[in-house]
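Shown here: final-v5.txt, compact mmCIF, C-alpha atoms.
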# COMPACT_ATOMS: atom_id res chain seq x y z
CA MET A 1051 164.92 78.63 -40.23
CA GLY A 1052 163.07 76.28 -37.91
CA TRP A 1053 160.51 78.76 -36.57
CA ASP A 1054 156.73 78.55 -36.97
CA PRO A 1055 154.31 81.50 -36.97
CA GLU A 1056 153.00 80.47 -33.54
CA ASP A 1057 156.53 80.93 -32.15
CA TYR A 1058 156.02 84.67 -32.46
CA ALA A 1059 153.66 86.17 -29.93
CA ASP A 1060 151.79 89.36 -30.75
CA GLU A 1061 152.60 90.62 -27.30
CA LEU A 1062 155.36 89.24 -25.13
CA GLU A 1063 154.89 88.90 -21.42
CA PRO A 1064 157.23 91.11 -19.39
CA VAL A 1065 160.17 89.43 -17.73
CA ASP A 1066 161.55 90.65 -14.44
CA VAL A 1067 165.31 91.15 -14.38
CA TRP A 1068 167.12 91.57 -11.11
CA PRO A 1069 168.88 94.94 -10.92
CA GLU A 1070 172.32 93.32 -10.71
CA ASN A 1071 171.67 91.56 -14.05
CA HIS A 1072 170.13 94.48 -15.92
CA GLU A 1073 173.32 95.63 -17.62
CA ILE A 1074 174.39 92.19 -18.88
CA VAL A 1075 170.86 91.42 -20.12
CA GLN A 1076 170.93 94.67 -22.09
CA LEU A 1077 174.31 93.66 -23.54
CA PHE A 1078 172.93 90.24 -24.53
CA GLU A 1079 169.94 91.91 -26.19
CA SER A 1080 172.23 94.28 -28.09
CA LEU A 1081 173.97 91.24 -29.61
CA SER A 1082 170.73 89.78 -31.00
CA THR A 1083 171.95 90.25 -34.58
CA GLN A 1084 175.37 88.73 -33.91
CA TRP A 1085 174.58 84.99 -33.98
CA LEU A 1086 176.94 82.77 -35.95
CA ALA A 1087 174.98 80.20 -37.92
CA ALA A 1088 175.27 77.45 -40.49
CA VAL A 1089 172.88 75.67 -42.80
CA GLY A 1090 173.16 71.91 -42.87
CA GLY A 1091 171.13 68.78 -43.02
CA GLY A 1092 172.77 66.65 -45.68
CA MET A 1093 171.95 66.73 -49.36
CA GLY A 1094 168.68 68.59 -48.89
CA GLY A 1095 170.08 71.21 -46.52
CA GLY A 1096 167.51 73.39 -44.89
CA VAL A 1097 168.52 73.02 -41.23
CA PHE A 1098 169.58 76.38 -39.83
CA ILE A 1099 171.71 76.02 -36.71
CA ARG A 1100 173.12 78.80 -34.60
CA TYR A 1101 176.36 77.85 -32.88
CA GLY A 1102 177.34 80.92 -30.90
CA LEU A 1103 177.65 84.66 -30.63
CA ALA A 1104 180.26 86.61 -32.54
CA TYR A 1105 182.51 87.40 -29.59
CA THR A 1106 184.38 90.01 -31.61
CA SER A 1107 181.16 92.03 -31.42
CA ALA A 1108 180.77 91.36 -27.70
CA TYR A 1109 184.29 92.33 -26.59
CA PRO A 1110 183.97 96.11 -27.10
CA LEU A 1111 180.61 96.12 -25.32
CA LEU A 1112 182.06 94.14 -22.42
CA ASP A 1113 184.89 96.68 -22.25
CA ARG A 1114 182.32 99.48 -21.86
CA ILE A 1115 180.47 97.92 -18.92
CA SER A 1116 183.41 96.33 -17.10
CA PRO A 1117 185.61 98.64 -15.01
CA ASP A 1118 188.28 95.97 -14.34
CA LYS A 1119 189.47 92.52 -15.44
CA GLU A 1120 187.59 90.70 -12.69
CA SER A 1121 184.23 92.23 -13.65
CA TRP A 1122 185.02 91.73 -17.37
CA ASP A 1123 185.61 88.01 -16.76
CA GLU A 1124 182.43 87.75 -14.68
CA ASN A 1125 180.36 89.59 -17.30
CA PHE A 1126 181.77 87.41 -20.08
CA GLU A 1127 180.81 84.26 -18.17
CA LEU A 1128 177.29 85.64 -17.57
CA LEU A 1129 177.01 86.35 -21.29
CA ARG A 1130 178.10 82.80 -22.07
CA VAL A 1131 175.48 81.39 -19.67
CA MET A 1132 172.77 83.30 -21.55
CA GLU A 1133 174.28 82.25 -24.89
CA ARG A 1134 174.18 78.54 -23.96
CA ALA A 1135 170.59 78.80 -22.75
CA ALA A 1136 169.50 80.60 -25.91
CA LEU A 1137 171.31 78.09 -28.14
CA ALA A 1138 169.60 75.18 -26.40
CA VAL A 1139 166.18 76.69 -27.15
CA MET A 1140 166.95 77.86 -30.70
CA ASN A 1141 168.64 74.65 -31.81
CA LYS A 1142 166.00 72.41 -30.27
CA ARG A 1143 163.60 73.93 -32.80
CA ALA A 1144 166.10 73.35 -35.63
CA GLY A 1145 166.60 69.64 -34.86
Would you write the structure of this file as structure tokens?
Amino acid sequence: MGWDPEDYADELEPVDVWPENHEIVQLFESLSTQWLAAVGGGMGGGVFIRYGLAYTSAYPLLDRISPDKESWDENFELLRVMERAALAVMNKRAG
């Protein structure tokens, strides 16, 4: 799937999350099994590419943390920012 054993650290360094981002980071983490992916690479195949989160899984979670439409829209955009950043890293390894 494009990952090497050295890509997995025995112990990850802690990452500081600003308090105002804590909830959306937790939501992003809870979607870690919801990546949409495809295998490609021509006749030989073998290239595993993720192309986005399954938003149908994200919507109910966004509903839970967003008290109104404005905050829902803001949280969805924050989720998409994290999604794009994660895709850039994951798919760089696949290419």
Close residues, Ala1104 in chain A itself excluded, 8 Å, all atoms listed in the file, min 3 positions apart in chain, as a PyMOL selection string: chain A and resi 1084-1086+1107-1108
Quick one: everything within 8 Å of Trp1122 in chain A, counting all atoms listed in the file, minus sequence neighbours fewer than 6 positions away in the same chain. Send it as a tab-separated table (two decimals) with C-alpha atoms, in the frame of the given file.
chain	number	residue	atom	x	y	z
A	1112	LEU	CA	182.06	94.14	-22.42
A	1113	ASP	CA	184.89	96.68	-22.25
A	1115	ILE	CA	180.47	97.92	-18.92
A	1116	SER	CA	183.41	96.33	-17.10
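Remark: for Ala1138 in chain A, the closest of the candidate residues A:Arg1100, A:His1072, A:Val1067, A:Glu1079 is A:Arg1100 (distances computed over all atoms listed in the file).
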Nearest residue to Ser1121 in chain A from the set A:Ile1074, A:Thr1083, A:Leu1137, A:Val1089 (distances using all atoms listed in the file): A:Ile1074
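Distance-wise, CA of Glu1070 in chain A and CA of Asp1118 in chain A end up 16.6 Å apart.
Among the candidate residues A:Pro1069, A:Pro1064, A:Gly1090, A:Gly1102, the one lying nearest to Ala1135 in chain A is A:Gly1102, with distances computed using only C-alpha atoms.
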Straight-line distance linking CA of Tyr1105 in chain A with CA of Glu1124 in chain A, stated in Å to one decimal: 14.9 Å
